[in-house]
file model18.txt (compact mmCIF, C-alpha atoms and all ligand atoms)
# COMPACT_ATOMS: atom_id res chain seq x y z
CA ILE A 1 -7.69 18.28 -21.76
CA THR A 2 -6.93 14.62 -22.51
CA GLY A 3 -7.20 11.11 -21.18
CA GLU A 4 -9.07 10.56 -17.95
CA PHE A 5 -10.04 14.22 -17.73
CA LYS A 6 -11.62 14.12 -21.17
CA LYS A 7 -13.73 11.13 -20.17
CA ALA A 8 -14.91 13.02 -17.09
CA LEU A 9 -15.60 16.23 -18.96
CA PRO A 10 -19.33 15.50 -19.46
CA VAL A 11 -19.74 15.33 -15.68
CA LEU A 12 -18.09 18.72 -15.27
CA LYS A 13 -20.12 20.24 -18.10
CA LYS A 14 -23.39 18.94 -16.77
CA ILE A 15 -22.82 20.46 -13.34
CA GLN A 16 -21.82 23.74 -14.94
CA ALA A 17 -24.88 23.74 -17.21
CA ALA A 18 -27.01 23.62 -14.09
CA GLY A 19 -25.40 26.87 -12.98
CA PHE A 20 -22.77 25.57 -10.56
CA GLU A 21 -18.99 25.68 -10.59
CA ALA A 22 -17.09 22.43 -11.07
CA TYR A 23 -13.39 21.69 -11.30
CA PHE A 24 -11.00 18.81 -11.39
CA VAL A 25 -9.02 18.81 -8.14
CA GLY A 26 -6.48 16.99 -6.02
CA GLY A 27 -3.90 14.39 -6.98
CA SER A 28 -5.06 13.99 -10.55
CA VAL A 29 -4.31 17.61 -11.41
CA ARG A 30 -0.92 17.38 -9.71
CA ASP A 31 -0.07 14.22 -11.63
CA ALA A 32 -1.20 15.76 -14.93
CA LEU A 33 1.06 18.77 -14.36
CA LEU A 34 3.91 16.36 -13.61
CA GLU A 35 3.05 14.50 -16.83
CA LYS A 36 2.48 11.34 -14.81
CA PRO A 37 -0.30 8.87 -15.49
CA VAL A 38 -3.57 10.04 -13.99
CA ASN A 39 -5.86 7.58 -12.20
CA ASP A 40 -8.77 8.81 -10.14
CA VAL A 41 -10.17 12.06 -11.37
CA ASP A 42 -11.85 13.89 -8.50
CA ILE A 43 -14.28 16.73 -9.00
CA ALA A 44 -15.05 19.60 -6.63
CA THR A 45 -18.18 21.68 -7.04
CA SER A 46 -20.18 24.53 -5.58
CA ALA A 47 -23.30 22.35 -5.86
CA PHE A 48 -24.51 20.66 -2.70
CA PRO A 49 -24.75 16.86 -2.57
CA GLN A 50 -28.53 16.86 -2.98
CA GLU A 51 -28.18 19.09 -6.03
CA ILE A 52 -25.65 16.68 -7.55
CA LYS A 53 -27.94 13.73 -6.88
CA LYS A 54 -30.77 15.45 -8.72
CA LEU A 55 -28.54 16.11 -11.73
CA PHE A 56 -27.33 12.58 -12.40
CA LYS A 57 -29.26 9.39 -13.01
CA LYS A 58 -26.87 7.10 -11.18
CA THR A 59 -25.19 8.18 -7.98
CA VAL A 60 -23.96 6.45 -4.85
CA ASP A 61 -23.75 8.09 -1.44
CA VAL A 62 -20.18 7.26 -0.58
CA GLY A 63 -19.62 9.98 1.99
CA ILE A 64 -22.48 12.33 1.80
CA GLU A 65 -21.83 13.77 5.27
CA HIS A 66 -18.46 14.95 3.93
CA GLY A 67 -20.09 16.18 0.78
CA THR A 68 -19.01 13.36 -1.50
CA VAL A 69 -21.34 11.72 -4.01
CA MET A 70 -20.13 9.17 -6.49
CA VAL A 71 -21.42 9.77 -9.99
CA LEU A 72 -21.58 6.80 -12.33
CA MET A 73 -21.34 7.58 -16.00
CA GLU A 74 -20.50 5.36 -18.98
CA GLY A 75 -18.95 2.64 -16.86
CA GLU A 76 -16.75 5.10 -14.98
CA SER A 77 -17.21 6.53 -11.51
CA TYR A 78 -16.23 9.95 -10.26
CA GLU A 79 -16.20 11.35 -6.78
CA VAL A 80 -17.92 14.70 -6.78
CA THR A 81 -17.36 16.64 -3.57
CA THR A 82 -18.95 19.91 -2.53
CA PHE A 83 -16.55 22.77 -1.79
CA ARG A 84 -16.06 22.63 1.93
CA THR A 85 -14.06 23.94 4.83
CA GLU A 86 -13.22 21.86 7.83
CA SER A 87 -13.95 23.55 11.09
CA THR A 88 -13.21 22.82 14.72
CA TYR A 89 -10.38 20.34 14.78
CA GLN A 90 -10.03 18.39 17.96
CA ASP A 91 -7.42 15.85 18.94
CA PHE A 92 -5.19 16.74 16.00
CA ARG A 93 -7.07 14.54 13.61
CA ARG A 94 -9.90 14.85 11.14
CA PRO A 95 -12.33 17.68 11.69
CA ASP A 96 -15.48 17.22 13.70
CA SER A 97 -17.62 18.79 11.09
CA VAL A 98 -17.42 20.07 7.57
CA THR A 99 -19.10 23.19 6.32
CA PHE A 100 -20.13 23.39 2.71
CA VAL A 101 -19.12 26.60 0.99
CA ARG A 102 -19.61 28.05 -2.47
CA SER A 103 -16.04 29.20 -2.98
CA LEU A 104 -13.33 27.17 -4.69
CA LYS A 105 -10.55 29.04 -2.95
CA GLU A 106 -11.96 28.17 0.49
CA ASP A 107 -12.00 24.52 -0.54
CA LEU A 108 -8.42 24.53 -1.81
CA LYS A 109 -7.24 26.28 1.34
CA ARG A 110 -8.05 23.28 3.54
CA ARG A 111 -5.97 20.91 1.41
CA ASP A 112 -2.69 19.63 2.77
CA LEU A 113 0.10 20.62 0.38
CA THR A 114 0.46 23.31 -2.26
CA ILE A 115 1.03 20.65 -4.91
CA ASN A 116 -2.29 19.03 -3.93
CA ALA A 117 -4.24 22.27 -3.91
CA PHE A 118 -4.77 22.87 -7.60
CA ALA A 119 -7.98 23.01 -9.51
CA MET A 120 -8.37 22.65 -13.26
CA ASN A 121 -11.34 23.88 -15.26
CA GLU A 122 -12.95 22.47 -18.39
CA MET A 123 -10.48 24.38 -20.57
CA GLY A 124 -7.50 22.82 -18.82
CA GLU A 125 -6.70 26.08 -17.08
CA ILE A 126 -5.09 25.74 -13.68
CA LYS A 127 -6.28 27.62 -10.61
CA ASP A 128 -3.33 27.92 -8.30
CA PHE A 129 -3.84 30.14 -5.26
CA PHE A 130 -0.95 28.91 -3.13
CA GLY A 131 2.09 28.77 -5.38
CA GLY A 132 1.81 25.07 -6.12
CA GLU A 133 3.07 25.39 -9.68
CA GLN A 134 6.23 27.10 -8.52
CA ASP A 135 6.69 24.38 -5.89
CA LEU A 136 6.25 21.67 -8.51
CA TYR A 137 8.88 23.42 -10.58
CA ASP A 138 11.21 23.78 -7.59
CA LYS A 139 10.43 20.24 -6.43
CA VAL A 140 9.34 21.33 -3.01
CA ILE A 141 6.79 19.93 -0.53
CA ARG A 142 5.11 22.84 1.26
CA ALA A 143 2.04 22.95 3.45
CA VAL A 144 -0.80 25.22 2.36
CA GLY A 145 -0.80 28.23 4.72
CA LYS A 146 0.91 27.97 8.12
CA ALA A 147 2.45 24.51 8.33
CA GLU A 148 2.28 24.39 12.07
CA GLU A 149 -1.47 25.11 12.12
CA ARG A 150 -2.15 22.65 9.36
CA PHE A 151 -0.38 19.85 11.20
CA HIS A 152 -2.29 20.70 14.36
CA GLU A 153 -5.53 20.34 12.44
CA ASP A 154 -4.54 16.94 11.09
CA ALA A 155 -1.26 15.37 12.10
CA LEU A 156 -1.45 12.80 9.32
CA ARG A 157 -0.45 15.57 6.91
CA MET A 158 3.11 15.27 8.23
CA MET A 159 3.23 11.66 7.03
CA ARG A 160 1.70 12.73 3.75
CA ALA A 161 4.46 15.31 3.33
CA VAL A 162 7.26 12.74 3.61
CA ARG A 163 5.26 10.27 1.53
CA PHE A 164 5.03 12.71 -1.37
CA ALA A 165 8.74 13.55 -0.95
CA ALA A 166 9.45 9.84 -1.49
CA GLN A 167 7.07 9.46 -4.41
CA LEU A 168 8.11 12.58 -6.26
CA GLY A 169 11.71 13.07 -5.19
CA PHE A 170 10.93 16.47 -3.71
CA ASP A 171 12.51 18.21 -0.72
CA LEU A 172 10.60 19.42 2.30
CA GLU A 173 10.49 23.20 2.33
CA ALA A 174 12.24 24.53 5.46
CA ASP A 175 9.22 25.87 7.39
CA THR A 176 7.25 22.74 6.59
CA PHE A 177 10.14 20.57 7.75
CA TYR A 178 10.59 22.44 11.04
CA ALA A 179 6.87 22.32 11.68
CA ILE A 180 7.11 18.55 11.38
CA VAL A 181 10.08 18.39 13.76
CA VAL A 182 8.15 20.41 16.34
CA ASN A 183 4.87 18.53 15.90
CA ALA A 184 5.98 14.98 15.08
CA HIS A 185 4.66 13.80 18.45
CA LEU A 186 1.11 14.67 17.36
CA LEU A 187 1.22 11.55 15.22
CA LYS A 188 0.33 9.73 18.44
CA ASN A 189 -3.23 10.91 17.91
CA ILE A 190 -3.59 9.36 14.49
CA ALA A 191 -5.01 5.91 13.84
CA THR A 192 -2.31 3.43 12.88
CA GLU A 193 -4.30 2.38 9.82
CA ARG A 194 -4.00 5.87 8.37
CA ILE A 195 -0.31 6.16 9.23
CA ARG A 196 0.34 2.81 7.66
CA ILE A 197 -1.15 3.82 4.30
CA GLU A 198 1.20 6.78 4.07
CA PHE A 199 4.17 4.83 5.41
CA VAL A 200 3.73 2.10 2.81
CA LYS A 201 3.35 4.63 0.01
CA MET A 202 6.54 6.28 1.22
CA ALA A 203 8.41 2.99 1.37
CA MET A 204 7.28 2.16 -2.15
CA GLY A 205 8.22 5.60 -3.45
CA LYS A 206 10.77 5.87 -6.25
CA HIS A 207 12.82 8.26 -4.15
CA LEU A 208 12.94 6.27 -0.94
CA MET A 209 16.02 7.99 0.43
CA GLN A 210 14.52 11.43 0.02
CA GLY A 211 11.32 10.48 1.83
CA MET A 212 13.05 8.46 4.54
CA THR A 213 15.48 11.27 5.27
CA GLY A 214 12.56 13.55 6.11
CA PHE A 215 10.84 10.78 8.03
CA ILE A 216 13.94 10.12 10.13
CA GLU A 217 15.32 13.63 10.59
CA SER A 218 11.94 15.03 11.59
CA ASN A 219 11.58 12.30 14.25
CA LEU A 220 8.28 11.11 12.76
CA TYR A 221 9.60 7.56 12.96
CA LYS A 222 9.62 7.75 16.76
CA TYR A 223 5.84 7.79 16.77
CA CYS A 224 5.36 4.79 14.52
CA PRO A 225 4.74 1.29 15.92
CA GLY A 226 7.94 -0.50 16.88
CA LEU A 227 10.25 2.09 15.33
CA ALA A 228 11.00 4.41 18.26
CA GLN A 229 14.54 3.04 18.70
CA ALA A 230 15.15 2.17 15.09
CA GLU A 231 16.93 5.19 13.64
CA GLU A 232 19.99 3.27 12.43
CA ASN A 233 17.92 0.40 11.11
CA LEU A 234 15.78 2.84 9.15
CA GLU A 235 18.88 4.50 7.73
CA GLN A 236 19.86 1.11 6.32
CA PHE A 237 16.36 0.56 4.97
CA ALA A 238 16.52 3.99 3.30
CA LYS A 239 19.50 2.83 1.23
CA ILE A 240 17.45 0.27 -0.70
CA GLU A 241 17.96 1.30 -4.30
CA LYS A 242 15.49 -0.75 -6.30
CA PRO A 243 11.96 0.58 -5.79
CA ILE A 244 9.79 -1.72 -3.68
CA ASN A 245 6.70 -2.72 -5.60
CA LYS A 246 4.65 -4.88 -3.25
CA GLU A 247 3.45 -4.04 0.21
CA ARG A 248 4.58 -7.36 1.65
CA HIS A 249 8.12 -6.57 0.51
CA VAL A 250 8.03 -3.37 2.53
CA TRP A 251 7.28 -5.36 5.66
CA VAL A 252 9.81 -8.12 5.08
CA LEU A 253 12.59 -5.66 4.32
CA LEU A 254 11.67 -3.64 7.37
CA LEU A 255 11.77 -6.77 9.55
CA TYR A 256 15.11 -7.63 8.04
CA TYR A 257 16.67 -4.27 8.81
CA LEU A 258 15.11 -4.32 12.27
CA ARG A 259 16.96 -7.62 12.73
CA ILE A 260 13.77 -9.39 13.71
CA GLN A 261 14.08 -13.09 12.88
CA ASN A 262 11.72 -14.81 15.23
CA GLU A 263 8.39 -15.52 13.57
CA LYS A 264 6.36 -14.67 16.65
CA GLU A 265 8.13 -11.36 17.07
CA ALA A 266 7.63 -10.61 13.40
CA ARG A 267 3.93 -11.32 13.68
CA ALA A 268 3.60 -9.11 16.76
CA PHE A 269 5.35 -6.24 14.98
CA LEU A 270 3.04 -6.50 11.98
CA LYS A 271 0.04 -6.76 14.27
CA HIS A 272 1.04 -3.43 15.84
CA TRP A 273 0.93 -1.93 12.39
CA LYS A 274 -2.61 -3.26 11.99
CA LEU A 275 -1.99 -5.32 8.90
CA SER A 276 -4.77 -7.62 7.78
CA ASN A 277 -4.44 -11.24 8.82
CA GLN A 278 -3.90 -12.22 5.20
CA LEU A 279 -1.04 -9.75 4.79
CA ILE A 280 0.51 -10.80 8.09
CA LYS A 281 0.42 -14.41 6.91
CA GLU A 282 2.00 -13.65 3.54
CA SER A 283 4.60 -11.36 5.03
CA THR A 284 5.70 -13.68 7.82
CA GLU A 285 5.92 -16.61 5.41
CA LEU A 286 7.98 -14.59 2.98
CA HIS A 287 10.10 -13.30 5.84
CA GLN A 288 10.90 -16.86 6.99
CA LEU A 289 11.67 -17.96 3.45
CA PHE A 290 13.85 -14.93 2.90
CA LEU A 291 15.86 -15.60 6.07
CA HIS A 292 16.30 -19.20 4.95
CA ARG A 293 17.36 -18.05 1.53
CA LEU A 294 20.08 -15.82 3.01
CA LEU A 295 21.83 -19.06 4.00
CA TYR A 296 20.68 -21.72 1.54
CA ASP A 297 19.67 -22.15 -2.09
CA HIS A 298 16.15 -23.01 -3.10
CA THR A 299 15.30 -26.70 -3.32
CA ASN A 300 12.26 -28.63 -4.46
CA ALA A 301 11.11 -28.54 -0.85
CA THR A 302 11.23 -24.73 -0.50
CA VAL A 303 9.56 -23.98 -3.83
CA TYR A 304 6.89 -26.61 -3.15
CA ARG A 305 6.17 -25.39 0.34
CA TYR A 306 6.20 -21.66 -0.26
CA LYS A 307 5.02 -21.77 -3.91
CA LYS A 308 6.62 -20.12 -6.91
CA ASP A 309 5.22 -16.67 -6.23
CA LEU A 310 6.75 -16.32 -2.81
CA ALA A 311 9.97 -18.02 -3.93
CA LEU A 312 10.35 -15.47 -6.72
CA ASP A 313 9.66 -12.71 -4.22
CA SER A 314 12.51 -13.98 -2.03
CA GLU A 315 14.86 -13.47 -4.98
CA THR A 316 13.59 -9.93 -5.54
CA LEU A 317 14.23 -9.20 -1.87
CA LEU A 318 17.78 -10.54 -2.08
CA GLU A 319 18.42 -8.13 -4.92
CA GLN A 320 16.90 -5.32 -2.93
CA ILE A 321 19.40 -5.80 -0.12
CA GLY A 322 22.25 -5.86 -2.62
CA LYS A 323 22.73 -9.62 -2.95
CA THR A 324 22.23 -11.77 -6.03
CA GLY A 325 18.89 -13.43 -6.55
CA ASP A 326 18.31 -16.37 -8.87
CA LYS A 327 14.83 -16.26 -10.33
CA ASN A 328 15.84 -18.68 -13.05
CA ALA A 329 16.60 -21.34 -10.50
CA VAL A 330 13.15 -20.89 -8.99
CA GLU A 331 11.50 -21.12 -12.41
CA GLN A 332 13.48 -24.28 -13.23
CA ILE A 333 12.73 -25.96 -9.92
CA ASP A 334 9.06 -25.10 -10.20
CA LYS A 335 8.87 -26.41 -13.75
CA ASN A 336 10.41 -29.71 -12.72
CA LEU A 337 8.49 -30.21 -9.50
CA PRO A 338 6.80 -33.64 -9.63
CA ILE A 339 3.74 -32.16 -7.92
CA HIS A 340 2.68 -28.66 -6.91
CA SER A 341 0.18 -29.51 -4.22
CA ARG A 342 -1.12 -32.46 -2.26
CA ASP A 343 -4.08 -33.03 -4.59
CA GLU A 344 -1.61 -33.93 -7.32
CA LEU A 345 -0.26 -36.77 -5.22
CA ALA A 346 -1.13 -40.17 -6.76
CA ILE A 347 -2.46 -41.28 -3.43
CA ASN A 348 -4.81 -40.08 -0.72
CA GLY A 349 -6.06 -41.11 2.70
CA LYS A 350 -8.83 -43.24 1.27
CA ILE A 351 -6.53 -45.33 -0.92
CA ILE A 352 -4.09 -45.86 1.91
CA LEU A 353 -6.88 -46.99 4.28
CA GLU A 354 -8.19 -49.48 1.73
CA GLU A 355 -4.71 -50.97 1.53
CA ALA A 356 -3.87 -50.81 5.21
CA GLU A 357 -4.99 -53.42 7.65
CA ARG A 358 -5.38 -50.95 10.47
CA PRO A 359 -7.90 -48.27 11.37
CA GLY A 360 -7.27 -44.65 10.54
CA GLY A 361 -5.47 -42.44 13.04
CA LYS A 362 -2.60 -40.08 13.46
CA TRP A 363 -0.35 -42.47 11.49
CA LEU A 364 -2.35 -41.74 8.34
CA GLY A 365 -1.45 -38.08 8.27
CA LEU A 366 2.18 -38.95 8.89
CA ALA A 367 2.10 -41.52 6.08
CA LEU A 368 0.70 -38.96 3.66
CA GLU A 369 3.30 -36.44 4.73
CA ALA A 370 6.11 -38.93 4.22
CA ALA A 371 4.82 -39.85 0.76
CA GLU A 372 4.40 -36.22 -0.18
CA LYS A 373 7.89 -35.34 0.93
CA ALA A 374 9.51 -38.26 -0.90
CA VAL A 375 7.62 -37.42 -4.11
CA VAL A 376 8.48 -33.72 -3.91
CA THR A 377 12.19 -34.37 -3.49
CA GLY A 378 12.12 -36.85 -6.38
CA GLU A 379 13.13 -39.77 -4.17
CA LEU A 380 9.87 -41.53 -5.04
CA ALA A 381 7.84 -41.57 -8.26
CA ASN A 382 4.34 -40.09 -8.12
CA ASP A 383 2.71 -43.43 -8.80
CA THR A 384 0.07 -45.14 -6.65
CA THR A 385 1.71 -48.59 -6.62
CA GLU A 386 5.15 -47.23 -5.90
CA ILE A 387 3.90 -45.02 -3.14
CA LEU A 388 2.08 -47.93 -1.49
CA ALA A 389 5.23 -50.03 -1.72
CA TYR A 390 7.18 -47.20 -0.17
CA LEU A 391 4.71 -46.91 2.71
CA LYS A 392 4.95 -50.65 3.31
CA ASP A 393 8.70 -50.42 3.27
CA LYS A 394 8.53 -47.68 5.89
CA HIS A 395 6.05 -49.76 7.95
CA TYR A 396 3.19 -47.30 7.78
CA ILE A 397 1.10 -50.12 6.34
CA SER A 398 1.66 -53.84 6.32
P1 LIG B 401 -2.76 9.62 -4.49
O1 LIG B 401 -2.25 9.73 -5.87
O2 LIG B 401 -1.87 8.85 -3.61
O3 LIG B 401 -4.20 9.21 -4.38
P2 LIG B 401 -3.81 12.17 -3.75
O4 LIG B 401 -3.17 13.53 -3.69
O5 LIG B 401 -4.92 11.96 -4.71
O6 LIG B 401 -2.66 11.12 -3.93
P3 LIG B 401 -5.69 11.41 -1.74
O7 LIG B 401 -5.44 10.83 -0.40
O8 LIG B 401 -6.40 10.61 -2.76
O9 LIG B 401 -4.27 11.87 -2.28
O10 LIG B 401 -6.46 12.79 -1.50
C1 LIG B 401 -7.02 13.56 -2.53
C2 LIG B 401 -6.83 15.04 -2.22
O11 LIG B 401 -7.48 15.39 -1.01
C3 LIG B 401 -5.39 15.48 -2.03
O12 LIG B 401 -4.76 15.77 -3.25
C4 LIG B 401 -5.53 16.69 -1.14
O13 LIG B 401 -5.89 17.83 -1.90
C5 LIG B 401 -6.71 16.32 -0.27
N1 LIG B 401 -6.31 15.65 0.99
C6 LIG B 401 -6.16 14.35 1.22
N2 LIG B 401 -5.82 14.09 2.49
C7 LIG B 401 -5.76 15.27 3.11
C8 LIG B 401 -5.48 15.69 4.45
N3 LIG B 401 -5.17 14.80 5.40
N4 LIG B 401 -5.54 17.02 4.71
C9 LIG B 401 -5.85 17.91 3.75
N5 LIG B 401 -6.12 17.58 2.49
C10 LIG B 401 -6.07 16.30 2.16
MG MG B 402 -6.14 10.11 -4.87

call {"tool": "encode", "arguments": {"input": "model18.txt", "output": "structure tokens", "more": "lines below"}}
Ligand code: ATP
Ligand code: MG
result
Amino acid sequence: ITGEFKKALPVLKKIQAAGFEAYFVGGSVRDALLEKPVNDVDIATSAFPQEIKKLFKKTVDVGIEHGTVMVLMEGESYEVTTFRTESTYQDFRRPDSVTFVRSLKEDLKRRDLTINAFAMNEMGEIKDFFGGEQDLYDKVIRAVGKAEERFHEDALRMMRAVRFAAQLGFDLEADTFYAIVVNAHLLKNIATERIRIEFVKMAMGKHLMQGMTGFIESNLYKYCPGLAQAEENLEQFAKIEKPINKERHVWVLLLYYLRIQNEKEARAFLKHWKLSNQLIKESTELHQLFLHRLLYDHTNATVYRYKKDLALDSETLLEQIGKTGDKNAVEQIDKNLPIHSRDELAINGKIILEEAERPGGKWLGLALEAAEKAVVTGELANDTTEILAYLKDKHYIS
């Protein structure tokens, strides 16, 4: 027991001292067995939520109806969830109700994949009821129990299967794969927000091709927003070799391979995927810059308008589609930009009005824009007197 688990050990021990069972479960155990960095350590226990709340000084009810209590200890937080089964699934999505149980095995049985259905005790011993260790060794994604039934209970699990294939570089076990082929259409019942999380994790996986192959061959893609007709486009996307490391890059690259160029169309596509307004804004801006960059080099104007961050991203994207990016050029241009935003301009509306012998109006905004543009391109020095002279010369003021 090391690292994050060691820090969480007191939580486990305290629950056990009160006479209950407690184990580390879920993704953290899988990642530890894969010798990958472990982030969130989740704990499963035979104690009921109220019993957990009595045991610890600081807790937060994060999902008490599902049996989850967050325990705060020494600046860390741990989700402690009561062993549970999920009964009566309707509509192929989350269960209507959960039933708390006192058996670890029952809890692990309702988990999605064998590699996610481990538990680890305080000694670091692994409880593996469904052959997960063998599947980790064989690099196989396999549903716990009968794949078909499990996907009927919650169709999102099919997306999770291809997502883990992409993250880990595993293959879908045959029965699991066929169950996805047969049930892919059930994805229609799942909220786009939940599909999107798994889709993005898949797209950002280190083994994109492996995940995308499952996603495409199983027909899952047909039930994702705007992708029903996109098999060939997705095959191109799957060939991206450098791992994608920002969500907005996923969306821009997808738009690119979908051959969407129009900004409105791009926005509509992202809206279908239920992206936040902020992410839609960033992604469509980057998309437009990227399309521009396919044809032209960066200039003062592009780096000023889109900012260094986005300009650097456009270079990353070029590399991701197999072209050459030039991050150095962006750095150089940014370093030499006379100004980086309008507040750095040596003039403002007030100064212009004082100088002008005309009332404010639409012309003022245009004057500022003209000055800004001339300063950014280096045509005009960022100096109040020179800018005023320039505006006189251009007849904005007399
Ligand atoms: P990540 O590293 O991406 O967080 P994870 O395996 O921890 O991966 P979570 O979504 O955090 O994934 O879920 C935690 C655990 O809960 C999983 O390991 C799995 O055991 C279980 N789980 C999550 N989603 C489902 C689901 N839809 N059906 C069944 N079990 C699930
Ligand atoms: Mg997790």

call {"tool": "closest_residue", "arguments": {"input": "model18.txt", "among": "A:Thr192, A:Ser28, A:Ser218, A:Gln50", "to": "Lys274 (chain A)", "atoms": "only C-alpha atoms"}}
result
A:Thr192

call {"tool": "closest_residue", "arguments": {"input": "model18.txt", "among": "A:Arg160, A:Arg342, A:Lys109, A:Lys7", "to": "ligand MG 402 (chain B)", "atoms": "all atoms listed in the file"}}
result
A:Arg160

call {"tool": "residues_near_ligand", "arguments": {"input": "model18.txt", "ligand": "ligand LIG 401 (chain B)", "cutoff": "10 Å", "atoms": "all atoms listed in the file", "output": "PyMOL selection string"}}
result
chain A and resi 25-31+37-42+86+93-95+107-119+143-144+150-151+153-161+163-164+167+194+197-198+201

call {"tool": "residues_near_point", "arguments": {"input": "model18.txt", "point": "(-6.2, 25.5, -13.6)", "cutoff": "12 Å", "atoms": "only C-alpha atoms", "output": "list in words"}}
result
Ile1, Ala22, Tyr23, Phe24, Val25, Gly26, Ser28, Val29, Arg30, Ala32, Leu33, Leu104, Ala117, Phe118, Ala119, Met120, Asn121, Glu122, Met123, Gly124, Glu125, Ile126, Lys127, Asp128, Phe129, Gly132 and Glu133 of chain A

call {"tool": "write_last_selection", "arguments": {"input": "model18.txt", "atoms": "C-alpha atoms", "output": "mmCIF file, in the coordinates of the input"}}
result
data_model
loop_
_atom_site.group_PDB
_atom_site.id
_atom_site.type_symbol
_atom_site.label_atom_id
_atom_site.label_comp_id
_atom_site.auth_asym_id
_atom_site.auth_seq_id
_atom_site.Cartn_x
_atom_site.Cartn_y
_atom_site.Cartn_z
ATOM 1 C CA ILE A 1 -7.690 18.280 -21.760
ATOM 2 C CA ALA A 22 -17.090 22.430 -11.070
ATOM 3 C CA TYR A 23 -13.390 21.690 -11.300
ATOM 4 C CA PHE A 24 -11.000 18.810 -11.390
ATOM 5 C CA VAL A 25 -9.020 18.810 -8.140
ATOM 6 C CA GLY A 26 -6.480 16.990 -6.020
ATOM 7 C CA SER A 28 -5.060 13.990 -10.550
ATOM 8 C CA VAL A 29 -4.310 17.610 -11.410
ATOM 9 C CA ARG A 30 -0.920 17.380 -9.710
ATOM 10 C CA ALA A 32 -1.200 15.760 -14.930
ATOM 11 C CA LEU A 33 1.060 18.770 -14.360
ATOM 12 C CA LEU A 104 -13.330 27.170 -4.690
ATOM 13 C CA ALA A 117 -4.240 22.270 -3.910
ATOM 14 C CA PHE A 118 -4.770 22.870 -7.600
ATOM 15 C CA ALA A 119 -7.980 23.010 -9.510
ATOM 16 C CA MET A 120 -8.370 22.650 -13.260
ATOM 17 C CA ASN A 121 -11.340 23.880 -15.260
ATOM 18 C CA GLU A 122 -12.950 22.470 -18.390
ATOM 19 C CA MET A 123 -10.480 24.380 -20.570
ATOM 20 C CA GLY A 124 -7.500 22.820 -18.820
ATOM 21 C CA GLU A 125 -6.700 26.080 -17.080
ATOM 22 C CA ILE A 126 -5.090 25.740 -13.680
ATOM 23 C CA LYS A 127 -6.280 27.620 -10.610
ATOM 24 C CA ASP A 128 -3.330 27.920 -8.300
ATOM 25 C CA PHE A 129 -3.840 30.140 -5.260
ATOM 26 C CA GLY A 132 1.810 25.070 -6.120
ATOM 27 C CA GLU A 133 3.070 25.390 -9.680
#

call {"tool": "closest_residue", "arguments": {"input": "model18.txt", "among": "A:Arg196, A:Phe177, A:Leu220, A:Glu369", "to": "Leu391 (chain A)", "atoms": "all atoms listed in the file"}}
result
A:Glu369

call {"tool": "residues_around", "arguments": {"input": "model18.txt", "residues": "Lys14 (chain A)", "least_positions_apart": "6", "cutoff": "12 Å", "atoms": "only C-alpha atoms", "output": "PDB file with C-alpha atoms, in the coordinates of the input"}}
result
ATOM      1  CA  ALA A   8     -14.910  13.020 -17.090  1.00  0.00           C
ATOM      2  CA  PHE A  20     -22.770  25.570 -10.560  1.00  0.00           C
ATOM      3  CA  GLU A  21     -18.990  25.680 -10.590  1.00  0.00           C
ATOM      4  CA  ALA A  22     -17.090  22.430 -11.070  1.00  0.00           C
ATOM      5  CA  TYR A  23     -13.390  21.690 -11.300  1.00  0.00           C
ATOM      6  CA  THR A  45     -18.180  21.680  -7.040  1.00  0.00           C
ATOM      7  CA  ALA A  47     -23.300  22.350  -5.860  1.00  0.00           C
ATOM      8  CA  GLU A  51     -28.180  19.090  -6.030  1.00  0.00           C
ATOM      9  CA  ILE A  52     -25.650  16.680  -7.550  1.00  0.00           C
ATOM     10  CA  LYS A  54     -30.770  15.450  -8.720  1.00  0.00           C
ATOM     11  CA  LEU A  55     -28.540  16.110 -11.730  1.00  0.00           C
ATOM     12  CA  PHE A  56     -27.330  12.580 -12.400  1.00  0.00           C
ATOM     13  CA  LYS A  57     -29.260   9.390 -13.010  1.00  0.00           C
ATOM     14  CA  VAL A  71     -21.420   9.770  -9.990  1.00  0.00           C
ATOM     15  CA  MET A  73     -21.340   7.580 -16.000  1.00  0.00           C
ATOM     16  CA  GLU A 122     -12.950  22.470 -18.390  1.00  0.00           C
TER      17      GLU A 122
END

call {"tool": "build_atoms", "arguments": {"input": "model18.txt", "residues": "region 250-255 of chain A", "atoms": "N, CA and C atoms", "output": "PDB file, in the frame of the given file"}}
result
ATOM      1  N   VAL A 250       7.730  -4.446   1.580  1.00  0.00           N
ATOM      2  CA  VAL A 250       8.030  -3.370   2.530  1.00  0.00           C
ATOM      3  C   VAL A 250       8.214  -3.981   3.919  1.00  0.00           C
ATOM      4  N   TRP A 251       7.263  -4.825   4.292  1.00  0.00           N
ATOM      5  CA  TRP A 251       7.280  -5.360   5.660  1.00  0.00           C
ATOM      6  C   TRP A 251       8.430  -6.325   5.879  1.00  0.00           C
ATOM      7  N   VAL A 252       8.715  -7.164   4.902  1.00  0.00           N
ATOM      8  CA  VAL A 252       9.810  -8.120   5.080  1.00  0.00           C
ATOM      9  C   VAL A 252      11.151  -7.391   5.157  1.00  0.00           C
ATOM     10  N   LEU A 253      11.322  -6.405   4.288  1.00  0.00           N
ATOM     11  CA  LEU A 253      12.590  -5.660   4.320  1.00  0.00           C
ATOM     12  C   LEU A 253      12.733  -4.887   5.628  1.00  0.00           C
ATOM     13  N   LEU A 254      11.639  -4.359   6.099  1.00  0.00           N
ATOM     14  CA  LEU A 254      11.670  -3.640   7.370  1.00  0.00           C
ATOM     15  C   LEU A 254      12.057  -4.603   8.502  1.00  0.00           C
ATOM     16  N   LEU A 255      11.425  -5.775   8.529  1.00  0.00           N
ATOM     17  CA  LEU A 255      11.770  -6.770   9.550  1.00  0.00           C
ATOM     18  C   LEU A 255      13.244  -7.141   9.457  1.00  0.00           C
TER      19      LEU A 255
END
